[in-house]
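Visitor: The following file, coords_18.cif, comprises mmCIF, C-alpha atoms:
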```
data_entry
#
loop_
_atom_site.label_atom_id
_atom_site.label_comp_id
_atom_site.auth_asym_id
_atom_site.auth_seq_id
_atom_site.Cartn_x
_atom_site.Cartn_y
_atom_site.Cartn_z
CA MET A 1 -47.02 -1.51 3.76
CA TYR A 2 -47.85 1.97 2.48
CA ASP A 3 -44.33 3.21 3.30
CA GLN A 4 -42.87 0.47 1.12
CA LEU A 5 -45.13 1.43 -1.79
CA ILE A 6 -44.29 5.14 -1.50
CA GLY A 7 -40.60 4.27 -1.06
CA ASN A 8 -40.75 2.22 -4.28
CA ILE A 9 -42.14 5.23 -6.17
CA LYS A 10 -39.69 7.71 -4.62
CA GLU A 11 -36.76 5.54 -5.71
CA LEU A 12 -37.48 6.64 -9.26
CA VAL A 13 -39.33 9.98 -9.18
CA PRO A 14 -39.77 12.89 -6.75
CA ILE A 15 -43.24 13.29 -5.22
CA THR A 16 -44.48 15.76 -2.60
CA GLU A 17 -45.94 14.90 0.80
CA ASP A 18 -49.44 15.77 -0.45
CA GLU A 19 -49.00 13.57 -3.50
CA SER A 20 -47.85 10.66 -1.28
CA LYS A 21 -50.99 11.01 0.81
CA LEU A 22 -53.20 11.02 -2.28
CA ILE A 23 -51.47 7.92 -3.68
CA GLN A 24 -51.79 6.05 -0.36
CA LYS A 25 -55.50 6.83 -0.19
CA LEU A 26 -56.10 5.15 -3.57
CA PHE A 27 -54.24 1.86 -3.05
CA GLU A 28 -55.90 -1.00 -1.18
CA PRO A 29 -54.18 -3.98 0.48
CA VAL A 30 -55.27 -7.51 -0.51
CA SER A 31 -54.20 -10.54 1.54
CA LEU A 32 -53.60 -13.84 -0.25
CA LYS A 33 -53.19 -17.24 1.31
CA LYS A 34 -50.70 -19.67 -0.17
CA LYS A 35 -52.00 -20.93 -3.58
CA GLN A 36 -54.83 -18.36 -3.62
CA PHE A 37 -55.52 -16.72 -7.01
CA LEU A 38 -55.43 -12.96 -7.43
CA LEU A 39 -56.48 -13.25 -11.06
CA GLN A 40 -57.69 -16.14 -13.18
CA SER A 41 -57.74 -16.52 -16.95
CA GLY A 42 -61.07 -15.20 -18.27
CA GLU A 43 -61.50 -12.61 -15.51
CA TYR A 44 -61.03 -8.89 -15.99
CA SER A 45 -57.88 -7.29 -14.64
CA ASN A 46 -58.91 -3.82 -13.49
CA HIS A 47 -56.08 -3.14 -11.05
CA MET A 48 -52.38 -2.30 -11.13
CA ARG A 49 -50.61 -4.35 -8.48
CA PHE A 50 -47.61 -3.94 -6.19
CA ILE A 51 -46.38 -6.91 -4.13
CA SER A 52 -45.84 -5.78 -0.59
CA GLU A 53 -45.09 -9.17 0.96
CA GLY A 54 -44.64 -12.76 -0.19
CA CYS A 55 -44.16 -14.28 -3.62
CA VAL A 56 -46.54 -14.76 -6.57
CA LYS A 57 -46.37 -16.16 -10.10
CA LEU A 58 -47.84 -15.05 -13.43
CA PHE A 59 -48.51 -17.97 -15.75
CA SER A 60 -50.59 -19.27 -18.63
CA ILE A 61 -51.95 -22.74 -19.31
CA ASP A 62 -51.69 -24.06 -22.86
CA GLU A 63 -54.13 -26.23 -24.78
CA LEU A 64 -52.54 -29.40 -23.43
CA GLY A 65 -52.89 -28.20 -19.83
CA ALA A 66 -49.21 -27.40 -19.34
CA GLU A 67 -48.35 -24.41 -17.15
CA HIS A 68 -45.90 -21.79 -18.51
CA ILE A 69 -44.56 -19.36 -15.91
CA LEU A 70 -43.88 -15.99 -17.49
CA GLN A 71 -42.88 -14.09 -14.38
CA PHE A 72 -42.31 -14.42 -10.66
CA GLY A 73 -42.95 -11.47 -8.35
CA ILE A 74 -41.61 -10.85 -4.87
CA SER A 75 -41.82 -8.04 -2.36
CA GLY A 76 -41.19 -4.67 -4.03
CA TRP A 77 -42.17 -5.79 -7.54
CA TRP A 78 -45.16 -4.85 -9.70
CA ILE A 79 -47.09 -7.65 -11.41
CA ASN A 80 -50.05 -7.82 -13.77
CA ASP A 81 -51.57 -9.35 -16.87
CA LEU A 82 -50.73 -6.05 -18.52
CA TYR A 83 -52.44 -6.95 -21.80
CA ALA A 84 -55.74 -7.63 -20.05
CA TYR A 85 -55.33 -4.53 -17.90
CA LEU A 86 -54.61 -2.25 -20.86
CA THR A 87 -57.12 -3.65 -23.34
CA GLN A 88 -59.87 -4.39 -20.78
CA LYS A 89 -60.23 -7.83 -22.39
CA PRO A 90 -60.46 -11.03 -20.31
CA ALA A 91 -57.16 -12.14 -18.80
CA THR A 92 -55.16 -14.87 -20.54
CA PHE A 93 -52.87 -15.31 -17.54
CA PHE A 94 -53.30 -16.44 -13.95
CA ILE A 95 -51.72 -14.69 -10.94
CA GLN A 96 -51.39 -17.01 -7.94
CA ALA A 97 -49.72 -16.69 -4.54
CA ILE A 98 -46.81 -19.10 -4.03
CA THR A 99 -46.52 -18.16 -0.36
CA GLN A 100 -48.83 -16.10 1.88
CA SER A 101 -48.68 -12.64 0.27
CA THR A 102 -49.95 -9.07 0.51
CA VAL A 103 -50.61 -7.08 -2.65
CA MET A 104 -51.38 -3.35 -2.83
CA GLN A 105 -53.68 -2.57 -5.71
CA ILE A 106 -55.21 0.46 -7.39
CA HIS A 107 -58.19 0.48 -9.76
CA ARG A 108 -57.49 1.59 -13.33
CA ASP A 109 -59.88 4.58 -13.01
CA ARG A 110 -58.13 5.80 -9.84
CA LEU A 111 -54.73 5.34 -11.47
CA ASN A 112 -55.81 7.28 -14.54
CA ASP A 113 -56.93 10.09 -12.20
CA LEU A 114 -53.50 9.99 -10.58
CA PHE A 115 -51.83 10.26 -14.01
CA ASP A 116 -53.80 13.46 -14.67
CA LYS A 117 -53.06 14.95 -11.25
CA ILE A 118 -49.42 13.91 -10.81
CA HIS A 119 -47.08 14.20 -13.79
CA MET A 120 -44.49 12.07 -11.95
CA MET A 121 -46.82 9.07 -11.86
CA ASP A 122 -46.79 8.96 -15.68
CA ARG A 123 -43.00 9.11 -15.47
CA PHE A 124 -42.83 6.43 -12.78
CA PHE A 125 -44.80 3.95 -14.84
CA ARG A 126 -42.89 4.92 -17.99
CA ILE A 127 -39.60 4.04 -16.30
CA LYS A 128 -40.98 0.89 -14.61
CA THR A 129 -42.39 -0.35 -17.89
CA GLN A 130 -39.15 0.41 -19.75
CA ASN A 131 -37.21 -1.59 -17.18
CA GLY A 132 -39.70 -4.44 -17.42
CA TYR A 133 -39.48 -4.34 -21.21
CA VAL A 134 -35.71 -4.61 -21.11
CA ALA A 135 -35.80 -7.56 -18.69
CA LEU A 136 -38.34 -9.35 -20.85
CA GLN A 137 -36.37 -8.61 -24.01
CA GLU A 138 -33.29 -10.13 -22.45
CA ARG A 139 -35.28 -13.19 -21.47
CA THR A 140 -36.67 -13.57 -25.00
CA ILE A 141 -33.26 -13.33 -26.61
CA ASN A 142 -31.77 -15.73 -24.04
CA ASN A 143 -34.48 -18.27 -24.77
CA MET A 144 -33.51 -18.07 -28.43
CA SER A 145 -29.75 -18.19 -28.07
CA GLN A 146 -28.75 -19.77 -24.74
CA SER A 147 -28.63 -23.32 -23.43
CA ALA A 148 -30.84 -24.33 -20.49
CA GLU A 149 -27.75 -24.33 -18.27
CA GLN A 150 -26.82 -20.76 -19.25
CA ARG A 151 -30.41 -19.62 -18.62
CA TYR A 152 -30.38 -21.25 -15.20
CA LEU A 153 -27.09 -19.57 -14.23
CA GLU A 154 -28.38 -16.21 -15.46
CA PHE A 155 -31.57 -16.63 -13.43
CA ILE A 156 -29.85 -17.48 -10.15
CA GLY A 157 -27.27 -14.72 -10.69
CA ARG A 158 -30.03 -12.18 -11.10
CA TYR A 159 -32.86 -13.49 -8.94
CA ARG A 160 -31.19 -15.24 -6.01
CA ASP A 161 -33.97 -13.88 -3.70
CA ILE A 162 -36.63 -15.56 -5.79
CA GLU A 163 -34.88 -18.91 -6.21
CA GLN A 164 -34.97 -19.43 -2.43
CA GLN A 165 -38.73 -18.87 -2.26
CA ILE A 166 -39.99 -21.09 -5.06
CA PRO A 167 -40.20 -24.85 -5.60
CA GLN A 168 -37.85 -26.28 -8.23
CA TYR A 169 -40.63 -27.47 -10.53
CA MET A 170 -41.80 -23.86 -10.90
CA LEU A 171 -38.33 -22.68 -11.78
CA ALA A 172 -38.18 -25.48 -14.39
CA SER A 173 -41.44 -24.21 -15.89
CA TYR A 174 -40.05 -20.66 -16.02
CA LEU A 175 -36.86 -21.86 -17.72
CA GLY A 176 -38.82 -23.98 -20.20
CA VAL A 177 -37.25 -27.31 -19.15
CA THR A 178 -38.57 -30.42 -17.38
CA PRO A 179 -37.96 -30.70 -13.60
CA GLU A 180 -35.70 -33.70 -14.34
CA HIS A 181 -33.62 -31.68 -16.78
CA LEU A 182 -33.23 -28.85 -14.21
CA SER A 183 -32.21 -31.38 -11.61
CA THR A 184 -29.49 -32.73 -13.94
CA ILE A 185 -28.26 -29.20 -14.66
CA ARG A 186 -27.98 -28.46 -10.94
CA LYS A 187 -26.21 -31.73 -10.28
CA ASN A 188 -23.69 -31.12 -13.08
CA LEU A 189 -22.96 -27.64 -11.77
CA ARG A 190 -22.40 -28.99 -8.24
CA ASP A 191 -20.05 -31.69 -9.51
CA TYR A 192 -18.16 -29.33 -11.75
CA MET B 1 -41.71 13.25 -42.24
CA TYR B 2 -42.25 15.54 -39.27
CA ASP B 3 -46.02 15.41 -39.78
CA GLN B 4 -45.92 11.63 -39.52
CA LEU B 5 -43.94 11.81 -36.26
CA ILE B 6 -46.30 14.38 -34.72
CA GLY B 7 -49.29 12.40 -35.97
CA ASN B 8 -47.90 9.28 -34.27
CA ILE B 9 -47.68 11.15 -30.95
CA LYS B 10 -51.11 12.76 -31.32
CA GLU B 11 -52.71 9.36 -31.86
CA LEU B 12 -52.09 8.66 -28.18
CA VAL B 13 -51.85 12.00 -26.33
CA PRO B 14 -52.97 15.59 -26.85
CA ILE B 15 -50.22 18.13 -27.53
CA THR B 16 -50.49 21.85 -28.34
CA GLU B 17 -49.22 23.57 -31.47
CA ASP B 18 -46.27 25.05 -29.54
CA GLU B 19 -45.38 21.66 -28.13
CA SER B 20 -45.46 20.12 -31.63
CA LYS B 21 -43.04 22.76 -32.85
CA LEU B 22 -40.68 22.16 -29.94
CA ILE B 23 -40.74 18.40 -30.56
CA GLN B 24 -40.08 18.81 -34.28
CA LYS B 25 -37.09 21.06 -33.58
CA LEU B 26 -35.41 18.33 -31.50
CA PHE B 27 -35.78 15.34 -33.84
CA GLU B 28 -33.30 14.86 -36.72
CA PRO B 29 -33.81 12.75 -39.84
CA VAL B 30 -31.21 10.07 -40.69
CA SER B 31 -31.16 8.37 -44.10
CA LEU B 32 -30.09 4.76 -44.33
CA LYS B 33 -29.21 2.83 -47.44
CA LYS B 34 -30.25 -0.81 -47.76
CA LYS B 35 -28.11 -2.94 -45.35
CA GLN B 36 -26.64 0.15 -43.63
CA PHE B 37 -26.28 -0.07 -39.85
CA LEU B 38 -27.93 2.49 -37.58
CA LEU B 39 -26.39 0.86 -34.50
CA GLN B 40 -23.84 -1.89 -34.01
CA SER B 41 -23.16 -4.08 -31.00
CA GLY B 42 -20.59 -2.35 -28.79
CA GLU B 43 -21.63 1.17 -29.77
CA TYR B 44 -23.56 3.53 -27.51
CA SER B 45 -27.23 4.09 -28.22
CA ASN B 46 -27.91 7.71 -27.31
CA HIS B 47 -31.03 8.27 -29.38
CA MET B 48 -34.70 7.31 -29.33
CA ARG B 49 -35.75 6.38 -32.85
CA PHE B 50 -38.89 6.58 -34.98
CA ILE B 51 -39.01 4.90 -38.39
CA SER B 52 -40.41 7.33 -40.90
CA GLU B 53 -39.84 5.28 -44.04
CA GLY B 54 -38.61 1.80 -44.93
CA CYS B 55 -37.97 -1.29 -42.87
CA VAL B 56 -35.26 -2.16 -40.31
CA LYS B 57 -34.39 -5.10 -38.05
CA LEU B 58 -33.11 -5.33 -34.47
CA PHE B 59 -30.98 -8.43 -33.90
CA SER B 60 -28.22 -10.00 -31.87
CA ILE B 61 -25.45 -12.38 -32.90
CA ASP B 62 -24.70 -15.29 -30.58
CA GLU B 63 -21.33 -16.86 -29.77
CA LEU B 64 -21.62 -19.22 -32.74
CA GLY B 65 -22.22 -16.35 -35.12
CA ALA B 66 -25.95 -17.03 -35.59
CA GLU B 67 -28.25 -14.04 -36.03
CA HIS B 68 -31.38 -13.80 -33.83
CA ILE B 69 -33.93 -11.23 -34.96
CA LEU B 70 -35.79 -9.78 -31.98
CA GLN B 71 -37.85 -7.20 -33.78
CA PHE B 72 -38.68 -5.80 -37.17
CA GLY B 73 -39.63 -2.15 -37.55
CA ILE B 74 -41.54 -0.45 -40.34
CA SER B 75 -42.84 3.05 -41.03
CA GLY B 76 -44.62 4.44 -37.95
CA TRP B 77 -42.84 2.21 -35.41
CA TRP B 78 -40.29 3.09 -32.73
CA ILE B 79 -37.16 0.93 -32.50
CA ASN B 80 -34.13 0.84 -30.20
CA ASP B 81 -31.74 -1.26 -28.17
CA LEU B 82 -33.69 0.00 -25.16
CA TYR B 83 -31.36 -1.63 -22.62
CA ALA B 84 -28.32 0.15 -24.07
CA TYR B 85 -30.26 3.40 -24.35
CA LEU B 86 -31.51 3.29 -20.75
CA THR B 87 -28.35 2.04 -19.04
CA GLN B 88 -25.90 3.95 -21.27
CA LYS B 89 -23.93 0.70 -21.63
CA PRO B 90 -22.62 -0.53 -25.01
CA ALA B 91 -25.31 -1.97 -27.27
CA THR B 92 -25.74 -5.75 -27.44
CA PHE B 93 -27.99 -5.51 -30.49
CA PHE B 94 -27.57 -4.34 -34.06
CA ILE B 95 -30.08 -2.17 -35.92
CA GLN B 96 -29.78 -2.50 -39.69
CA ALA B 97 -31.84 -1.23 -42.62
CA ILE B 98 -33.50 -4.00 -44.64
CA THR B 99 -34.61 -1.53 -47.31
CA GLN B 100 -33.69 2.13 -47.90
CA SER B 101 -35.07 3.84 -44.78
CA THR B 102 -35.46 7.15 -42.99
CA VAL B 103 -35.33 7.31 -39.21
CA MET B 104 -36.18 10.35 -37.06
CA GLN B 105 -34.07 10.41 -33.93
CA ILE B 106 -33.77 12.50 -30.77
CA HIS B 107 -30.81 12.52 -28.37
CA ARG B 108 -31.45 11.24 -24.83
CA ASP B 109 -30.63 14.66 -23.28
CA ARG B 110 -33.11 16.44 -25.57
CA LEU B 111 -35.77 13.83 -24.85
CA ASN B 112 -35.25 14.18 -21.09
CA ASP B 113 -35.71 17.95 -21.51
CA LEU B 114 -38.94 17.25 -23.37
CA PHE B 115 -40.14 14.98 -20.52
CA ASP B 116 -39.63 17.88 -18.08
CA LYS B 117 -41.34 20.42 -20.32
CA ILE B 118 -44.22 18.33 -21.66
CA HIS B 119 -46.09 16.03 -19.28
CA MET B 120 -47.75 14.30 -22.25
CA MET B 121 -44.38 13.09 -23.56
CA ASP B 122 -43.91 11.03 -20.38
CA ARG B 123 -47.41 9.66 -20.95
CA PHE B 124 -46.77 8.97 -24.64
CA PHE B 125 -43.68 6.88 -23.93
CA ARG B 126 -45.43 5.19 -20.99
CA ILE B 127 -48.21 4.00 -23.26
CA LYS B 128 -45.86 3.11 -26.15
CA THR B 129 -43.66 1.07 -23.82
CA GLN B 130 -46.67 -0.66 -22.26
CA ASN B 131 -47.88 -1.66 -25.71
CA GLY B 132 -44.42 -2.86 -26.65
CA TYR B 133 -44.19 -4.83 -23.41
CA VAL B 134 -47.46 -6.57 -24.09
CA ALA B 135 -46.43 -7.51 -27.65
CA LEU B 136 -43.12 -8.89 -26.40
CA GLN B 137 -44.83 -10.79 -23.58
CA GLU B 138 -47.13 -12.43 -26.07
CA ARG B 139 -44.18 -13.38 -28.25
CA THR B 140 -42.35 -14.87 -25.26
CA ILE B 141 -45.32 -16.95 -24.19
CA ASN B 142 -45.97 -18.05 -27.78
CA ASN B 143 -42.35 -19.19 -28.14
CA MET B 144 -42.85 -21.31 -25.04
CA SER B 145 -46.21 -22.82 -25.89
CA GLN B 146 -46.87 -22.71 -29.64
CA SER B 147 -45.64 -24.74 -32.58
CA ALA B 148 -43.59 -23.05 -35.30
CA GLU B 149 -46.65 -23.22 -37.59
CA GLN B 150 -48.86 -21.45 -35.04
CA ARG B 151 -46.21 -18.76 -34.55
CA TYR B 152 -45.97 -18.24 -38.30
CA LEU B 153 -49.75 -17.89 -38.65
CA GLU B 154 -49.85 -15.44 -35.74
CA PHE B 155 -47.07 -13.37 -37.29
CA ILE B 156 -48.64 -13.08 -40.73
CA GLY B 157 -52.05 -12.36 -39.16
CA ARG B 158 -50.60 -9.49 -37.18
CA TYR B 159 -47.75 -8.18 -39.34
CA ARG B 160 -48.89 -8.71 -42.93
CA ASP B 161 -47.25 -5.35 -43.87
CA ILE B 162 -43.90 -6.55 -42.62
CA GLU B 163 -44.01 -9.99 -44.20
CA GLN B 164 -44.19 -8.42 -47.64
CA GLN B 165 -41.07 -6.32 -47.06
CA ILE B 166 -38.66 -8.89 -45.67
CA PRO B 167 -36.81 -11.90 -47.11
CA GLN B 168 -37.99 -15.31 -45.91
CA TYR B 169 -34.71 -16.21 -44.19
CA MET B 170 -35.12 -13.18 -41.88
CA LEU B 171 -38.64 -14.22 -40.96
CA ALA B 172 -37.26 -17.72 -40.21
CA SER B 173 -34.69 -16.17 -37.86
CA TYR B 174 -37.41 -14.15 -36.11
CA LEU B 175 -39.56 -17.26 -35.68
CA GLY B 176 -36.59 -19.29 -34.44
CA VAL B 177 -36.75 -21.92 -37.22
CA THR B 178 -34.48 -22.80 -40.15
CA PRO B 179 -35.38 -21.32 -43.57
CA GLU B 180 -36.05 -24.90 -44.76
CA HIS B 181 -38.49 -25.48 -41.91
CA LEU B 182 -40.32 -22.24 -42.68
CA SER B 183 -40.49 -23.23 -46.33
CA THR B 184 -42.08 -26.57 -45.37
CA ILE B 185 -44.60 -24.82 -43.10
CA ARG B 186 -45.61 -22.48 -45.92
CA LYS B 187 -45.92 -25.34 -48.38
CA ASN B 188 -48.07 -27.39 -45.97
CA LEU B 189 -50.38 -24.43 -45.40
CA ARG B 190 -50.76 -23.85 -49.14
CA ASP B 191 -51.58 -27.50 -49.76
CA TYR B 192 -54.01 -27.65 -46.88
#
```
What would the structure in this file look like if it were written as structure tokens?
Guide:
Amino acid sequence: MYDQLIGNIKELVPITEDESKLIQKLFEPVSLKKKQFLLQSGEYSNHMRFISEGCVKLFSIDELGAEHILQFGISGWWINDLYAYLTQKPATFFIQAITQSTVMQIHRDRLNDLFDKIHMMDRFFRIKTQNGYVALQERTINNMSQSAEQRYLEFIGRYRDIEQQIPQYMLASYLGVTPEHLSTIRKNLRDY
Amino acid sequence: MYDQLIGNIKELVPITEDESKLIQKLFEPVSLKKKQFLLQSGEYSNHMRFISEGCVKLFSIDELGAEHILQFGISGWWINDLYAYLTQKPATFFIQAITQSTVMQIHRDRLNDLFDKIHMMDRFFRIKTQNGYVALQERTINNMSQSAEQRYLEFIGRYRDIEQQIPQYMLASYLGVTPEHLSTIRKNLRDY
């Protein structure tokens, strides 16, 4: 669990043995049962979160009660309502476990201490956030310019690991189509 | 010009007088005439860019030739095809001046040197990217869940400075509606 977290950091930046130990001391594991919430809209998000095991979703619920999935997260990914975390305002998103999951989390105050002590932690989160920004930008532009079928193909090309772990109606929500529409798209692609 | 850039950095992180001087030495001003391109799709984006004066747009063109505006940038904002910059692959976006503009830019290699020399530069771009991520996330979720009228109201509430500098057809492209639809929305709001 801790090895995976440290490995995730070392993939991007060099850290010393002492720094690894300090980081490990400040992260805490949280176990989630299937469908359990890690964060609910209206709550405060005071932790940065790394998914060690399982699969979770980040979503919002609109005025009509419809769920909009903004992001899935699987083992090795970071997930958060970053706006709530950064602004210390109540969350507008929900984070919920899709399968039994383990999340490693660090409190904002501890993480800010780490940023002061370890230059490479600032760099790590700079790079992680840049990568996340780019992925989100691509998604935004695809939503504007691509058909539902193109978006589906792009998703399975990129996130094959995720597709196998989530129910189809959740993928439909992520792609912004109805489950019936997704089902038709999949059928057409099979027949093609 | 340089004061504005340094001021923008100092708003978020502390830097010393020597560090300011080093930073200033590595950024170069670029003047753009109205409609001039700073970056075109297919080119390499080797610079990080700060808008010192004027107004620019970041957009893509889809297979049918339609323009999709992902972001506007005005004085005091950073703008880039971040994917192209980070991956060193050819740009998929265009950056074009809407009005006569001045951009301060730094080459990737110089910026990486700065990251090694000045811890606070890693922090500055971490925070800037986090803020950008949050704004983009909100836009993505709004595109999924809000009506065109709600998106318009949100935009003018947040970016009043930009609305005054750009033609209406560009704002329509950013909002993902036709210029005629935007015109109807504005008329309905006036009459309301």
Visitor: What is the CA of Leu171 (chain A)-CA of Ile9 (chain A) distance in Å, reported with one decimal?
Guide: 28.7 Å
Visitor: Can you list what the PyMOL selection byres ((chain A) within 7 of (chain B)) grabs from this structure, as number ranges by chain?
Guide: A: 62, 70, 82-83, 119, 122-123, 125-126, 129-130, 133-134, 140-141, 144-145, 176
Visitor: Could you tell me how far CA of Ser31 (chain A) lies from CA of Glu17 (chain A), in Å and to one decimal?
Guide: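 That distance, rounded to one decimal, is 26.8 Å.
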Visitor: By how many Å are CA of Leu32 (chain A) and CA of Ser52 (chain A) apart?
Guide: 11.2 Å
Visitor: With distances taken over only C-alpha atoms, which residue among B:Asp113, B:Asp3, B:Glu149, B:Glu180 lies nearest Gly76 (chain B)?
Guide: B:Asp3
Visitor: Restricting the calculation to all atoms listed in the file: of A:Phe27, A:Tyr152, A:Lys89, A:Gln36, which residue gets closest to Asp109 (chain A)?
Guide: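 Smallest separation from Asp109 (chain A) among the options: A:Phe27.
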Visitor: Could you check the closest approach to Gln164 (chain B) for each of B:Ile6, B:Lys35, B:Ile98, B:Ser45 and tell me which residue wins, using all atoms listed in the file?
Guide: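 Using all atoms listed in the file, the shortest distance to Gln164 (chain B) belongs to B:Ile98.
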Visitor: At a cut-off of 8 Å, using only C-alpha atoms, what residues contact Leu38 (chain A)? Leave out same-chain residues fewer than 3 positions from it and give the result as a PyMOL selection string.
Guide: chain A and resi 32+94-97
Visitor: Residues within 9 Å of Ser183 (chain A), please, as a PyMOL selection string. Count only C-alpha atoms; anything in the same chain fewer than 4 positions from it doesn't count.
Guide: chain A and resi 168+172+178-179+187-188
Visitor: Can you pull out the residues contacting region 103-105 of chain A? Cut-off 6 Å, using only C-alpha atoms, and skip same-chain residues under 5 positions away; I want them as a PyMOL selection string.
Guide: chain A and resi 27-30+47-52
Visitor: Taking all atoms listed in the file into account, name the residue in A:Met1, A:Leu111, A:Val56, A:Leu22 that is nearest to Phe37 (chain A).
Guide: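 Result for the nearest residue to Phe37 (chain A): A:Val56.
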Visitor: Take the point (-59.6, 11.2, -2.6) as written in the file and pick out every residue within 12 Å of it, counting only C-alpha atoms; give the list as a PDB file with C-alpha atoms, in the coordinates of the input.
Guide:
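out37.pdb, written as the output of this step:
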```
ATOM      1  CA  ASP A  18     -49.440  15.770  -0.450  1.00  0.00           C
ATOM      2  CA  GLU A  19     -49.000  13.570  -3.500  1.00  0.00           C
ATOM      3  CA  SER A  20     -47.850  10.660  -1.280  1.00  0.00           C
ATOM      4  CA  LYS A  21     -50.990  11.010   0.810  1.00  0.00           C
ATOM      5  CA  LEU A  22     -53.200  11.020  -2.280  1.00  0.00           C
ATOM      6  CA  ILE A  23     -51.470   7.920  -3.680  1.00  0.00           C
ATOM      7  CA  GLN A  24     -51.790   6.050  -0.360  1.00  0.00           C
ATOM      8  CA  LYS A  25     -55.500   6.830  -0.190  1.00  0.00           C
ATOM      9  CA  LEU A  26     -56.100   5.150  -3.570  1.00  0.00           C
ATOM     10  CA  PHE A  27     -54.240   1.860  -3.050  1.00  0.00           C
ATOM     11  CA  ARG A 110     -58.130   5.800  -9.840  1.00  0.00           C
ATOM     12  CA  LEU A 111     -54.730   5.340 -11.470  1.00  0.00           C
ATOM     13  CA  ASP A 113     -56.930  10.090 -12.200  1.00  0.00           C
ATOM     14  CA  LEU A 114     -53.500   9.990 -10.580  1.00  0.00           C
ATOM     15  CA  LYS A 117     -53.060  14.950 -11.250  1.00  0.00           C
TER      16      LYS A 117
END
```
Visitor: Write region 138-149 of chain A as a PDB file, in the coordinates of the input, completed to N, CA, C and O atoms.
Guide:
```pdb
ATOM      1  N   GLU A 138     -34.471  -9.329 -22.722  1.00  0.00           N
ATOM      2  CA  GLU A 138     -33.290 -10.130 -22.450  1.00  0.00           C
ATOM      3  C   GLU A 138     -33.688 -11.606 -22.315  1.00  0.00           C
ATOM      4  O   GLU A 138     -33.023 -12.501 -22.818  1.00  0.00           O
ATOM      5  N   ARG A 139     -34.817 -11.826 -21.638  1.00  0.00           N
ATOM      6  CA  ARG A 139     -35.280 -13.190 -21.470  1.00  0.00           C
ATOM      7  C   ARG A 139     -35.621 -13.835 -22.820  1.00  0.00           C
ATOM      8  O   ARG A 139     -35.288 -14.984 -23.081  1.00  0.00           O
ATOM      9  N   THR A 140     -36.278 -13.058 -23.684  1.00  0.00           N
ATOM     10  CA  THR A 140     -36.670 -13.570 -25.000  1.00  0.00           C
ATOM     11  C   THR A 140     -35.441 -13.959 -25.808  1.00  0.00           C
ATOM     12  O   THR A 140     -35.372 -15.038 -26.389  1.00  0.00           O
ATOM     13  N   ILE A 141     -34.458 -13.069 -25.807  1.00  0.00           N
ATOM     14  CA  ILE A 141     -33.260 -13.330 -26.610  1.00  0.00           C
ATOM     15  C   ILE A 141     -32.475 -14.497 -25.996  1.00  0.00           C
ATOM     16  O   ILE A 141     -31.922 -15.325 -26.719  1.00  0.00           O
ATOM     17  N   ASN A 142     -32.456 -14.611 -24.673  1.00  0.00           N
ATOM     18  CA  ASN A 142     -31.770 -15.730 -24.040  1.00  0.00           C
ATOM     19  C   ASN A 142     -32.433 -17.058 -24.365  1.00  0.00           C
ATOM     20  O   ASN A 142     -31.755 -18.060 -24.583  1.00  0.00           O
ATOM     21  N   ASN A 143     -33.759 -17.047 -24.403  1.00  0.00           N
ATOM     22  CA  ASN A 143     -34.480 -18.270 -24.770  1.00  0.00           C
ATOM     23  C   ASN A 143     -34.118 -18.720 -26.173  1.00  0.00           C
ATOM     24  O   ASN A 143     -34.122 -19.913 -26.478  1.00  0.00           O
ATOM     25  N   MET A 144     -33.826 -17.744 -27.040  1.00  0.00           N
ATOM     26  CA  MET A 144     -33.510 -18.070 -28.430  1.00  0.00           C
ATOM     27  C   MET A 144     -32.073 -18.531 -28.589  1.00  0.00           C
ATOM     28  O   MET A 144     -31.765 -19.305 -29.485  1.00  0.00           O
ATOM     29  N   SER A 145     -31.177 -18.021 -27.776  1.00  0.00           N
ATOM     30  CA  SER A 145     -29.750 -18.190 -28.070  1.00  0.00           C
ATOM     31  C   SER A 145     -28.965 -18.935 -27.003  1.00  0.00           C
ATOM     32  O   SER A 145     -27.829 -19.319 -27.244  1.00  0.00           O
ATOM     33  N   GLN A 146     -29.543 -19.148 -25.802  1.00  0.00           N
ATOM     34  CA  GLN A 146     -28.750 -19.770 -24.740  1.00  0.00           C
ATOM     35  C   GLN A 146     -29.212 -21.186 -24.435  1.00  0.00           C
ATOM     36  O   GLN A 146     -30.366 -21.533 -24.639  1.00  0.00           O
ATOM     37  N   SER A 147     -28.284 -21.979 -23.891  1.00  0.00           N
ATOM     38  CA  SER A 147     -28.630 -23.320 -23.430  1.00  0.00           C
ATOM     39  C   SER A 147     -29.410 -23.213 -22.124  1.00  0.00           C
ATOM     40  O   SER A 147     -29.405 -22.172 -21.465  1.00  0.00           O
ATOM     41  N   ALA A 148     -30.083 -24.309 -21.743  1.00  0.00           N
ATOM     42  CA  ALA A 148     -30.840 -24.330 -20.490  1.00  0.00           C
ATOM     43  C   ALA A 148     -29.923 -24.041 -19.304  1.00  0.00           C
ATOM     44  O   ALA A 148     -30.295 -23.332 -18.361  1.00  0.00           O
ATOM     45  N   GLU A 149     -28.697 -24.555 -19.367  1.00  0.00           N
ATOM     46  CA  GLU A 149     -27.750 -24.330 -18.270  1.00  0.00           C
ATOM     47  C   GLU A 149     -27.387 -22.843 -18.149  1.00  0.00           C
ATOM     48  O   GLU A 149     -27.366 -22.280 -17.053  1.00  0.00           O
TER      49      GLU A 149
END
```
